[in-house]
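*Asks:* Before anything else, here's the structure in question.
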Amino acid sequence: MTTKKPTTKAGFVAILGAPNAGKSTLLNRLVGQKVSIVSPKAQTTRMRILGVLTEGKIQIGFIDTPGIFAPKRRLDSAMVNAAWRSLEGADVVLLLVDASARQPDEKTENIIAELKKRKQKVTLVLNKIDKIELANLLPLAAQFNESGIVSDTFMISALGGDGLDDLKKHFMDKMPHGPWLFPEDQLSDLPERLLAAEVTREQIYRQLQQELPYAATVVPDAWENKKDGSFVIRQTIIVARQGHKPIVLGKAGARIKSIGQASRREIEKLLGHPVHLFLEVKVDEKWQERPEFYQMFGLEF
């Protein structure tokens with residue numbers, strides 16, 4: 001008696017790359033909804049974030065990872081370790097590269113060296129192809145293929161959407177037969193209150209950019225679902241220096257008001273309900289040394 005293969009397919013794709021390669025933008029485009037925050041700052045993603053695509057009889061869990069770079073602090077090391085751990089159990093490893101640089105940068109070369117040590121085959125995805133001429137793109141692809149770890153190569157614009165249909169089909173073909181791993185309507189494994197806190201952190205980075213160092217985080221404090229369907233959300237913005245607090249607050253509180261308004265609109269899109277968002281700013285110089293923050297991000301302390 002022969003056993004039939006399951007009609008459904010399911011698996012995982014781990015997205016690796018240097019900071020600012022466009023991993024979060026790609027994840028959001030593949031899933032069709034924002035599940036990972038995006039900002040002009042490199043190293044915006046701090047934790048492993050799962051985005052789930054369910055289409056037809058196929059389900060793919062895309063794992064967005066922190067950008068891989070040479071760590072200098074405890075938080076850096078935890079983020080980089082989380083990225084490498086994402087390879088465990090992945091059916092496909094995607095190496096995303098910013099093609100607009102025209103040549104592999106040091107961070108990407110270090111990632112490739114580590115992948116070679118691990119004998120890990122990857123699907124190479126050259127991103128931001130709208131910012132490079134075709135004459136320069138093909139030699140760049142050939143250079144990466146010389147590494148011996150590339151099994152397939154795709155050229156895309158995660159922001160514009162070029163090449164994404166072919167890339168998505170490739171991943172669907174690679175998924176093993178098996179039952180789905182998540183409910184059909186699930187888009188991420190990140191709790192809503194944590195995703196909402198990440199939305200606020202995104203606005204901090206977007207609005208302050210170079211003014212505020214990376215040593216800031218957002219913590220969900222309270223979450224109440226009112227009878228009218230609205231949500232009351234309280235979050236604390238934690239900065240590492242006393243001098244950072246007035247930067248976040250702005251003159252007469254104008255900056256934090258702007259951050260709160262933009263964040264509230266994004267969270268309302270996420271939840272599909274009205275949101276009342278209250279933000280507080282606190283100083284904690286040692287927050288990056290406290291285990292509870294790592295636990296919240298799903299990182300090893």
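Every chain in the structure tokens has a letter given in the order shown (A, B, ...), and although residue numbers restart at 1 in each chain, ligands are simply numbered from 1 in the order shown.
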Which parts of range 16-241 of chain A does DSSP call helix (DSSP H, G or I) when run on the backbone here, written out as a PyMOL selection string?

*Replies:* chain A and resi 23-31+74-85+99-101+106-117+129-131+134-145+164-174+192-211

*Asks:* If you run DSSP on the backbone, which residues of range 13-170 of chain A are strand (DSSP E or B), as an MDAnalysis selection string?

*Replies:* chainID A and resid 13:17 49:55 58:64 92:98 122:127 150:155

*Asks:* To one decimal in Å, tell me the separation between CA of Trp223 in chain A and CA of Glu268 in chain A.

*Replies:*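 Computed distance, CA of Trp223 in chain A to CA of Glu268 in chain A, equals 13.6 Å.
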
*Asks:* Give me, as JSON lines, the closest atom pair and its distance (Å, one decimal) for every residue of range 126-226 of chain A within a cut-off of 9 Å of range 12-27 of chain A, counting only C-alpha atoms, rows sorted by chain and rising number.

*Replies:*
{"residue": "A:Asn127", "atom": "CA", "partner": "A:Ala21", "partner_atom": "CA", "distance": 7.3}
{"residue": "A:Lys128", "atom": "CA", "partner": "A:Gly22", "partner_atom": "CA", "distance": 8.3}
{"residue": "A:Ser157", "atom": "CA", "partner": "A:Leu26", "partner_atom": "CA", "distance": 8.5}
{"residue": "A:Ala158", "atom": "CA", "partner": "A:Leu26", "partner_atom": "CA", "distance": 4.9}
{"residue": "A:Leu159", "atom": "CA", "partner": "A:Thr25", "partner_atom": "CA", "distance": 6.6}
{"residue": "A:Gly161", "atom": "CA", "partner": "A:Leu26", "partner_atom": "CA", "distance": 8.8}
{"residue": "A:Leu164", "atom": "CA", "partner": "A:Leu26", "partner_atom": "CA", "distance": 8.7}
{"residue": "A:Phe171", "atom": "CA", "partner": "A:Val13", "partner_atom": "CA", "distance": 7.7}
{"residue": "A:Met175", "atom": "CA", "partner": "A:Phe12", "partner_atom": "CA", "distance": 7.6}

*Asks:* Can you pull out the residues contacting Lys282 in chain A? Cut-off 8 Å, using only C-alpha atoms, and skip same-chain residues under 5 positions away; I want them as a short mmCIF file (atom, residue, chain, number, x, y, z; two decimals) with N, CA and C atoms, in the first residue's frame.

*Replies:*
data_model
loop_
_atom_site.label_atom_id
_atom_site.label_comp_id
_atom_site.auth_asym_id
_atom_site.auth_seq_id
_atom_site.Cartn_x
_atom_site.Cartn_y
_atom_site.Cartn_z
N THR A 236 6.23 52.81 26.32
CA THR A 236 7.32 53.62 26.85
C THR A 236 8.49 53.61 25.87
N ILE A 237 8.94 54.78 25.50
CA ILE A 237 10.15 54.93 24.69
C ILE A 237 11.32 55.05 25.65
N ILE A 238 12.26 54.11 25.56
CA ILE A 238 13.41 54.12 26.47
C ILE A 238 14.65 54.57 25.71
N VAL A 239 15.29 55.61 26.23
CA VAL A 239 16.54 56.12 25.63
C VAL A 239 17.68 55.91 26.63
N LYS A 245 16.45 62.41 25.66
CA LYS A 245 15.03 62.59 25.99
C LYS A 245 14.44 63.84 25.33
#

*Asks:* Which is closer to Thr200 in chain A than all the others in A:Glu88, A:Asp173, A:Glu184, A:Glu266, using only C-alpha atoms?

*Replies:* A:Glu266

*Asks:* Would you work out the distance separating CA of Asn225 in chain A from CA of Arg265 in chain A, expressed in Å to one decimal?

*Replies:* 16.8 Å

*Asks:* Near range 131-143 of chain A, counting only C-alpha atoms, which residues have an atom at most 9 Å away, once you skip same-chain residues fewer than 3 positions from it, shown as number ranges by chain?

*Replies:* A: 99-104, 124, 126, 128, 146-147, 153, 155

*Asks:* Can you tell me which residues surround Lys227 in chain A at a distance of at most 12 Å, considering only C-alpha atoms, apart from same-chain residues fewer than 4 positions away, and format the answer as a count of residues only?

*Replies:* 4

*Asks:* By how many Å are CA of Gly11 in chain A and CA of Pro176 in chain A apart?

*Replies:*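 Separation of CA of Gly11 in chain A and CA of Pro176 in chain A: 6.3 Å.
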
*Asks:* Would you tabulate, counting only C-alpha atoms, all residues of range 96-174 of chain A that have an atom at most 12 Å from an atom of range 52-56 of chain A, showing the closest pair of atoms and their distance in Å to one decimal, sorted by chain then ascending number, as a tab-separated table?

*Replies:*
residue	atom	partner	partner_atom	distance
A:Lys168	CA	A:Leu53	CA	9.7
A:Lys169	CA	A:Glu55	CA	10.6
A:Phe171	CA	A:Leu53	CA	10.8
A:Met172	CA	A:Glu55	CA	9.1

*Asks:* Any chance you can output those residues with all heavy atoms as an mmCIF file, in the first residue's frame?

*Replies:*
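See part_16.cif below for the written result:
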data_model
loop_
_atom_site.group_PDB
_atom_site.id
_atom_site.type_symbol
_atom_site.label_atom_id
_atom_site.label_comp_id
_atom_site.auth_asym_id
_atom_site.auth_seq_id
_atom_site.Cartn_x
_atom_site.Cartn_y
_atom_site.Cartn_z
ATOM 1 N N LYS A 168 8.827 34.462 -5.932
ATOM 2 C CA LYS A 168 7.820 33.799 -5.102
ATOM 3 C C LYS A 168 7.509 32.395 -5.631
ATOM 4 O O LYS A 168 7.408 31.442 -4.864
ATOM 5 C CB LYS A 168 6.534 34.645 -5.089
ATOM 6 C CG LYS A 168 5.526 34.212 -4.036
ATOM 7 C CD LYS A 168 4.170 34.880 -4.227
ATOM 8 C CE LYS A 168 4.216 36.364 -3.966
ATOM 9 N NZ LYS A 168 2.833 36.949 -4.032
ATOM 10 N N LYS A 169 7.396 32.267 -6.960
ATOM 11 C CA LYS A 169 7.127 30.957 -7.570
ATOM 12 C C LYS A 169 8.274 29.985 -7.274
ATOM 13 O O LYS A 169 8.044 28.795 -7.005
ATOM 14 C CB LYS A 169 6.931 31.112 -9.080
ATOM 15 C CG LYS A 169 6.570 29.788 -9.767
ATOM 16 C CD LYS A 169 6.392 29.954 -11.265
ATOM 17 C CE LYS A 169 5.973 28.639 -11.902
ATOM 18 N NZ LYS A 169 6.906 27.522 -11.637
ATOM 19 N N PHE A 171 10.208 29.913 -4.646
ATOM 20 C CA PHE A 171 10.099 29.434 -3.270
ATOM 21 C C PHE A 171 8.944 28.444 -3.113
ATOM 22 O O PHE A 171 9.057 27.458 -2.388
ATOM 23 C CB PHE A 171 9.919 30.603 -2.306
ATOM 24 C CG PHE A 171 11.129 31.486 -2.203
ATOM 25 C CD1 PHE A 171 11.011 32.867 -2.205
ATOM 26 C CD2 PHE A 171 12.399 30.944 -2.124
ATOM 27 C CE1 PHE A 171 12.132 33.682 -2.118
ATOM 28 C CE2 PHE A 171 13.530 31.745 -2.042
ATOM 29 C CZ PHE A 171 13.388 33.118 -2.042
ATOM 30 N N MET A 172 7.859 28.703 -3.805
ATOM 31 C CA MET A 172 6.716 27.777 -3.733
ATOM 32 C C MET A 172 7.097 26.403 -4.274
ATOM 33 O O MET A 172 6.715 25.376 -3.719
ATOM 34 C CB MET A 172 5.526 28.354 -4.507
ATOM 35 C CG MET A 172 4.870 29.522 -3.806
ATOM 36 S SD MET A 172 3.461 30.181 -4.712
ATOM 37 C CE MET A 172 2.660 31.127 -3.402
#

*Asks:* Out of A:Gly229, A:Val248, A:Leu195, A:Glu292, which residue has the shortest atom-to-atom distance to Leu212 in chain A when counting only C-alpha atoms?

*Replies:*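 Of A:Gly229, A:Val248, A:Leu195, A:Glu292, the one nearest Leu212 in chain A is A:Val248, counting only C-alpha atoms.
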